[in-house]
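Please read the structure below before turning to the comments.
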Amino acid sequence: MDTADIETKVIQFIATKAENLDASTINRSSKFEELGLDSMDTIQLLFDAEDAFGINFDSEEAKGFSSVGDIISYIEKHQATPL
Amino acid sequence: MRIVVTGMGIVSPIGIGTDQFWSAAVNGVSGIKRISAFDASKQRSQIAGEVAGFDPATFLSAKYMDQTDRFAQLALLAANLALDDAGGLDGYAPQRVAVSIGSGMGGFGTFESSATRRFKNQPVPPFTVPRTMANSAAAWVAIKHGLKGVNLTCSTACSSGANAIGMALDLLRAGRADAVVAGGAEACVLPLTMTSFEILHALTTSSNSDPEGASRPFAKGRAGFVMSEGAGILILEKEEQAIRRGAKIYAQLAGFGQACDAKHIVMPDIEGQISTMQAAIQDAGLKPDSIDHINAHATSTPLGDIVETRAIKHVFGSRAGDIAISATKSMVGHSIGASAAIGSIATIMALHTGTIHPTINLDEADPECDLDYTPNRAQQKNPRTGLCNAFGFGGNNASIIFTNP
């Protein structure tokens with residue numbers, strides 16, 4: 001999966017999880033709070049993303065995630081393949 | 001002070017919504033089928049009353065589905081239906097609207113699936129605790145409808161829904177709320193939970209090839225209850241306020257009684273059942289002679305149905321044989337903490353329509369069960385007062401009395 005592919009897939013995935021949001025309004029720099037995701041929503045999002053992208057987030061590192069780009073970068077770095 | 005029922009919502013194995021439920025109940029339709037929720041081939045009891053056609057996505061977003069157990073989702077739909085039926089409670093200050101919901105097991109579906117993941121060393125879903133906790137149904141009803149008053153959960157096994165309605169009556173009488181969203185919800189058609197009831201010999205295991213004939217309260221050869229799921233919610237208000245806002249009134253919630261056996265943790269006891277029915281009748285300011293209809297607890301266990309029959313005979317004496325009794329569980333199975341809320345709606349509908357729904361699968365009664373259980377066919381009896389029984393593990397007994405408004 002190349003970088004653009006990961007970005008598109010993560011954004012589409014987040015669009016299904018956030019309330020009333022279209023993928024076209026989400027980009028790498030979107031902050032979770034701008035998407036209406038509170039801290040618990042974000043924990044749930046990362047849990048679901050682990051299943052969807054076949055990846056395990058390091059929990060200490062994931063605590064610092066604040067934007068869509070943080071998730072994309074982590075997956076790019078760890079080169080996971082989607083299930 | 002008179003407390004009245006102004007809205008009802010039900011989600012059951014024989015129908016979603018009061019009209020669908022009542023039509024099926026009057027026609028003696030069974031909601032018991034082979035289990036579809038999981039592979040039940042290893043269960044001794046492979047049948048259940050599941051709510052067919054229940055799709056939480058029709059009223060919850062993906063985010064809220066992640067955060068709610070099925071029992072809370074069933075409660076939310078029943079509450080939506082009940083509040084719609086009541087025409088909304090917008091006229092009340094949010095702080096004066098309470099929620100009181102019973103559940104025997106709470107979010108056990110979440111607990112079972114998260115435990116399975118944990119024991120396989122897989123990550124545990126973040127909302128495991130808020131989905132499992134028994135008060136999540138009441139909390140979600142409050143969140144979704146902005147109800148900021150007292151928020152209570154009652155967990156007394158099979159009588160949870162009855163006690164939740166009773167607590168609502170107390171709140172209204174004590175002036176601690178102006179309206180209450182009250183009832184019960186349960187979703188434990190689940191492998192571990194069902195196995196745990198099997199090991200107590202509570203579930204029938206001899207009717208896997210005849211699901212619709214499996215729940216047979218008072219019948220000869222009955223062999224235990226059938227697990228089921230569902231939710232029932234009532235909207236309760238003070239009569240004068242209900243009249244003032246022009247609400248339609250289905251029935252009066254006239255009395256409530258409670259009694260504990262204080263004997264055995266799971267075996268029923270006649271004394272507790274007698275006491276709770278007597279307490280409810282007294283609370284309603286009635287005499288036993290004025291009770292026309294009983295919605296029996298009647299789970300279809302060999303012992304339970306006999307003890308309830310004897311308790312009814314003790315309370316009502318020579319009149320016991322004249323009372324039209326029916327067992328809703330013959331059609332919907334036993335939905336544990338939801339069962340008395342569903343039974344309450346059946347009782348109210350009997351008063352409202354004049355029709356007593358049948359006890360199905362009652363071709364030949366147990367000789368020790370010799371009252372009028374309305375076998376197999378509905379009867380037009382025009383009852384004015386109805387008593388709904390609920391007896392739970394823990395020797396926890398509750399009876400509710402409804403009367404025509």
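The way I read the labels, and the way they are meant: chains A, B, ... in the order of the structure tokens, residue 1 as the first residue of every chain, and ligand 1 as the first ligand shown, with later ones counted on from there.
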
Residue list for chain B near chain A as a PyMOL selection string, 8 Å, only C-alpha atoms
chain B and resi 61-63+66+123+125-127

I'd like the contact shell of region 129-132 of chain B - 7 Å cut-off, only C-alpha atoms, skipping same-chain residues fewer than 6 positions apart - returned as a PyMOL selection string.
chain B and resi 67-69+106-108+110-111

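Minimum distance to Val5 (chain B) across B:Arg44, B:His145, B:Arg310, B:His352 (counting only C-alpha atoms) occurs at B:His352.
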
Among region 9-52 of chain A, which residues does DSSP mark as alpha helix (DSSP H) when it is run on the backbone? Keep the chain and numbering as in the structure and answer as an NGL selection string.
:A and (9-17 or 39-52)

Keeping only C-alpha atoms, write those residues as a PDB file, in the first residue's frame.
```pdb
ATOM      1  CA  LYS A   9      -8.216   4.634   3.312  1.00  0.00           C
ATOM      2  CA  VAL A  10      -7.676   6.154   6.781  1.00  0.00           C
ATOM      3  CA  ILE A  11      -9.720   9.247   5.883  1.00  0.00           C
ATOM      4  CA  GLN A  12     -12.556   7.131   4.497  1.00  0.00           C
ATOM      5  CA  PHE A  13     -12.451   4.997   7.637  1.00  0.00           C
ATOM      6  CA  ILE A  14     -12.622   8.040   9.940  1.00  0.00           C
ATOM      7  CA  ALA A  15     -15.564   9.416   7.947  1.00  0.00           C
ATOM      8  CA  THR A  16     -17.564   6.299   8.818  1.00  0.00           C
ATOM      9  CA  LYS A  17     -16.785   6.781  12.511  1.00  0.00           C
ATOM     10  CA  SER A  39     -11.051  11.711  23.920  1.00  0.00           C
ATOM     11  CA  MET A  40     -13.176   8.562  24.380  1.00  0.00           C
ATOM     12  CA  ASP A  41     -14.254   8.657  20.728  1.00  0.00           C
ATOM     13  CA  THR A  42     -10.598   8.828  19.753  1.00  0.00           C
ATOM     14  CA  ILE A  43      -9.732   5.771  21.855  1.00  0.00           C
ATOM     15  CA  GLN A  44     -12.587   3.894  20.161  1.00  0.00           C
ATOM     16  CA  LEU A  45     -11.404   5.108  16.744  1.00  0.00           C
ATOM     17  CA  LEU A  46      -7.887   3.791  17.335  1.00  0.00           C
ATOM     18  CA  PHE A  47      -9.253   0.465  18.607  1.00  0.00           C
ATOM     19  CA  ASP A  48     -11.361   0.077  15.449  1.00  0.00           C
ATOM     20  CA  ALA A  49      -8.458   1.194  13.264  1.00  0.00           C
ATOM     21  CA  GLU A  50      -6.285  -1.601  14.681  1.00  0.00           C
ATOM     22  CA  ASP A  51      -8.766  -4.159  13.367  1.00  0.00           C
ATOM     23  CA  ALA A  52      -9.346  -2.348  10.083  1.00  0.00           C
TER      24      ALA A  52
END
```

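Separating CA of Ala185 (chain B) from CA of Ala142 (chain B) is a distance of 14.8 Å.
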
B:Gly257, B:Pro211, B:Gly104, B:Pro268: which is nearest Ile165 (chain B), counting only C-alpha atoms?
B:Gly257

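Neighbours of Arg216 (chain B) closer than or equal to 7 Å, with only C-alpha atoms counted and sequence neighbours fewer than 5 positions away skipped, come out as B:Arg222, B:Ser300, B:Ser330, B:Ile360, B:Asn361, B:Leu362.
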
Deliver the residues from the most recent selection as a file, using N, CA, C and O atoms, as a PDB file, in the first residue's frame.
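As a result, out-v4.pdb now contains:
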```pdb
ATOM      1  N   ARG B 222     -44.087 -29.446  30.837  1.00  0.00           N
ATOM      2  CA  ARG B 222     -43.202 -28.282  30.639  1.00  0.00           C
ATOM      3  C   ARG B 222     -41.850 -28.594  31.292  1.00  0.00           C
ATOM      4  O   ARG B 222     -41.771 -29.309  32.283  1.00  0.00           O
ATOM      5  N   SER B 300     -42.775 -21.211  32.850  1.00  0.00           N
ATOM      6  CA  SER B 300     -42.774 -22.564  32.261  1.00  0.00           C
ATOM      7  C   SER B 300     -41.771 -23.490  32.951  1.00  0.00           C
ATOM      8  O   SER B 300     -41.393 -24.525  32.393  1.00  0.00           O
ATOM      9  N   SER B 330     -45.455 -17.538  27.381  1.00  0.00           N
ATOM     10  CA  SER B 330     -45.714 -18.676  26.481  1.00  0.00           C
ATOM     11  C   SER B 330     -45.401 -18.298  25.037  1.00  0.00           C
ATOM     12  O   SER B 330     -45.052 -19.150  24.222  1.00  0.00           O
ATOM     13  N   ILE B 360     -50.390 -19.802  25.226  1.00  0.00           N
ATOM     14  CA  ILE B 360     -50.324 -20.812  24.160  1.00  0.00           C
ATOM     15  C   ILE B 360     -49.620 -22.082  24.656  1.00  0.00           C
ATOM     16  O   ILE B 360     -49.075 -22.121  25.754  1.00  0.00           O
ATOM     17  N   ASN B 361     -49.678 -23.099  23.845  1.00  0.00           N
ATOM     18  CA  ASN B 361     -49.093 -24.416  24.153  1.00  0.00           C
ATOM     19  C   ASN B 361     -49.732 -25.049  25.389  1.00  0.00           C
ATOM     20  O   ASN B 361     -49.091 -25.807  26.113  1.00  0.00           O
ATOM     21  N   LEU B 362     -51.001 -24.717  25.612  1.00  0.00           N
ATOM     22  CA  LEU B 362     -51.673 -25.244  26.808  1.00  0.00           C
ATOM     23  C   LEU B 362     -52.824 -26.172  26.399  1.00  0.00           C
ATOM     24  O   LEU B 362     -53.989 -25.893  26.621  1.00  0.00           O
TER      25      LEU B 362
END
```

Close residues, Leu303 (chain B) itself excluded, 10 Å, only C-alpha atoms, min 5 positions apart in chain, as a PyMOL selection string
chain B and resi 218+222-224+267-269+308

Requested write-out: all heavy atoms of the selected residues, as a PDB file, in the first residue's frame:
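Printed below is part-v5.pdb as written:
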```
ATOM      1  N   PHE B 218     -47.730 -23.725  32.686  1.00  0.00           N
ATOM      2  CA  PHE B 218     -48.866 -24.451  33.291  1.00  0.00           C
ATOM      3  C   PHE B 218     -49.181 -25.767  32.576  1.00  0.00           C
ATOM      4  O   PHE B 218     -50.075 -26.501  32.997  1.00  0.00           O
ATOM      5  CB  PHE B 218     -50.128 -23.573  33.358  1.00  0.00           C
ATOM      6  CG  PHE B 218     -49.914 -22.255  34.048  1.00  0.00           C
ATOM      7  CD1 PHE B 218     -50.015 -21.060  33.342  1.00  0.00           C
ATOM      8  CD2 PHE B 218     -49.594 -22.201  35.399  1.00  0.00           C
ATOM      9  CE1 PHE B 218     -49.800 -19.829  33.980  1.00  0.00           C
ATOM     10  CE2 PHE B 218     -49.374 -20.978  36.030  1.00  0.00           C
ATOM     11  CZ  PHE B 218     -49.485 -19.798  35.328  1.00  0.00           C
ATOM     12  N   ARG B 222     -44.087 -29.446  30.837  1.00  0.00           N
ATOM     13  CA  ARG B 222     -43.202 -28.282  30.639  1.00  0.00           C
ATOM     14  C   ARG B 222     -41.850 -28.594  31.292  1.00  0.00           C
ATOM     15  O   ARG B 222     -41.771 -29.309  32.283  1.00  0.00           O
ATOM     16  CB  ARG B 222     -43.844 -27.018  31.221  1.00  0.00           C
ATOM     17  CG  ARG B 222     -43.929 -27.031  32.729  1.00  0.00           C
ATOM     18  CD  ARG B 222     -44.800 -25.905  33.259  1.00  0.00           C
ATOM     19  NE  ARG B 222     -44.919 -25.989  34.727  1.00  0.00           N
ATOM     20  CZ  ARG B 222     -45.681 -26.858  35.369  1.00  0.00           C
ATOM     21  NH1 ARG B 222     -46.433 -27.735  34.700  1.00  0.00           N
ATOM     22  NH2 ARG B 222     -45.714 -26.888  36.692  1.00  0.00           N
ATOM     23  N   ALA B 223     -40.793 -28.008  30.725  1.00  0.00           N
ATOM     24  CA  ALA B 223     -39.463 -28.464  31.132  1.00  0.00           C
ATOM     25  C   ALA B 223     -38.490 -27.324  31.389  1.00  0.00           C
ATOM     26  O   ALA B 223     -37.286 -27.538  31.397  1.00  0.00           O
ATOM     27  CB  ALA B 223     -38.896 -29.389  30.056  1.00  0.00           C
ATOM     28  N   GLY B 224     -39.002 -26.104  31.615  1.00  0.00           N
ATOM     29  CA  GLY B 224     -38.102 -24.984  31.880  1.00  0.00           C
ATOM     30  C   GLY B 224     -38.434 -23.804  30.981  1.00  0.00           C
ATOM     31  O   GLY B 224     -39.286 -23.908  30.092  1.00  0.00           O
ATOM     32  N   MET B 267     -34.713 -20.878  44.446  1.00  0.00           N
ATOM     33  CA  MET B 267     -35.994 -21.599  44.481  1.00  0.00           C
ATOM     34  C   MET B 267     -37.132 -20.662  44.905  1.00  0.00           C
ATOM     35  O   MET B 267     -36.973 -19.899  45.849  1.00  0.00           O
ATOM     36  CB  MET B 267     -35.915 -22.752  45.491  1.00  0.00           C
ATOM     37  CG  MET B 267     -34.813 -23.753  45.192  1.00  0.00           C
ATOM     38  SD  MET B 267     -35.396 -25.070  44.158  1.00  0.00           S
ATOM     39  CE  MET B 267     -36.162 -26.107  45.385  1.00  0.00           C
ATOM     40  N   PRO B 268     -38.289 -20.743  44.212  1.00  0.00           N
ATOM     41  CA  PRO B 268     -39.405 -19.872  44.606  1.00  0.00           C
ATOM     42  C   PRO B 268     -40.052 -20.326  45.911  1.00  0.00           C
ATOM     43  O   PRO B 268     -39.955 -21.494  46.291  1.00  0.00           O
ATOM     44  CB  PRO B 268     -40.386 -20.029  43.437  1.00  0.00           C
ATOM     45  CG  PRO B 268     -40.101 -21.383  42.865  1.00  0.00           C
ATOM     46  CD  PRO B 268     -38.633 -21.641  43.092  1.00  0.00           C
ATOM     47  N   ASP B 269     -40.709 -19.381  46.563  1.00  0.00           N
ATOM     48  CA  ASP B 269     -41.367 -19.686  47.837  1.00  0.00           C
ATOM     49  C   ASP B 269     -42.755 -19.068  47.845  1.00  0.00           C
ATOM     50  O   ASP B 269     -42.917 -17.902  47.473  1.00  0.00           O
ATOM     51  CB  ASP B 269     -40.529 -19.135  48.993  1.00  0.00           C
ATOM     52  CG  ASP B 269     -41.170 -19.426  50.325  1.00  0.00           C
ATOM     53  OD1 ASP B 269     -41.262 -20.606  50.681  1.00  0.00           O
ATOM     54  OD2 ASP B 269     -41.610 -18.467  50.988  1.00  0.00           O
ATOM     55  N   GLU B 308     -46.793 -20.527  41.873  1.00  0.00           N
ATOM     56  CA  GLU B 308     -47.587 -19.321  41.582  1.00  0.00           C
ATOM     57  C   GLU B 308     -49.079 -19.646  41.616  1.00  0.00           C
ATOM     58  O   GLU B 308     -49.884 -18.863  42.127  1.00  0.00           O
ATOM     59  CB  GLU B 308     -47.193 -18.725  40.217  1.00  0.00           C
ATOM     60  CG  GLU B 308     -47.905 -17.390  39.955  1.00  0.00           C
ATOM     61  CD  GLU B 308     -47.384 -16.648  38.720  1.00  0.00           C
ATOM     62  OE1 GLU B 308     -46.639 -17.250  37.917  1.00  0.00           O
ATOM     63  OE2 GLU B 308     -47.728 -15.453  38.576  1.00  0.00           O
TER      64      GLU B 308
END
```

Gly255 (chain B): which residues within 8 Å, counting only C-alpha atoms, same-chain residues fewer than 2 positions away excluded, as a PyMOL selection string?
chain B and resi 253+257+280-285+400-402

Please list as a JSON list (two decimals) with C-alpha atoms, in the first residue's frame every residue within 8 Å of Ile26 (chain A), counting only C-alpha atoms and excluding residues in the same chain fewer than 2 positions away.
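Everything below was put into part08.json:
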```
[["chain", "number", "residue", "atom", "x", "y", "z"],
["A", 11, "ILE", "CA", -9.72, 9.25, 5.88],
["A", 15, "ALA", "CA", -15.56, 9.42, 7.95],
["A", 21, "LEU", "CA", -18.84, 14.09, 8.34],
["A", 22, "ASP", "CA", -17.95, 13.58, 4.72],
["A", 23, "ALA", "CA", -14.53, 12.21, 3.75],
["A", 24, "SER", "CA", -14.01, 15.26, 1.51],
["A", 28, "ARG", "CA", -4.21, 15.05, 7.26],
["A", 30, "SER", "CA", -7.76, 17.67, 10.76],
["A", 35, "LEU", "CA", -14.17, 16.30, 13.74]]
```

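In this model, the gap between CA of Met277 (chain B) and CA of Glu237 (chain B) comes to 23.4 Å.
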
Just the residues within 9 Å of Ala79 (chain B), please, counting only C-alpha atoms, with nothing from its chain fewer than 2 positions along; format it as a VMD selection string.
chain B and resid 8 to 10 74 to 77 81 to 84 141 181 to 183 231 to 235

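The space separating CA of Ala296 (chain B) from CA of Ile101 (chain B) comes to 20.6 Å.
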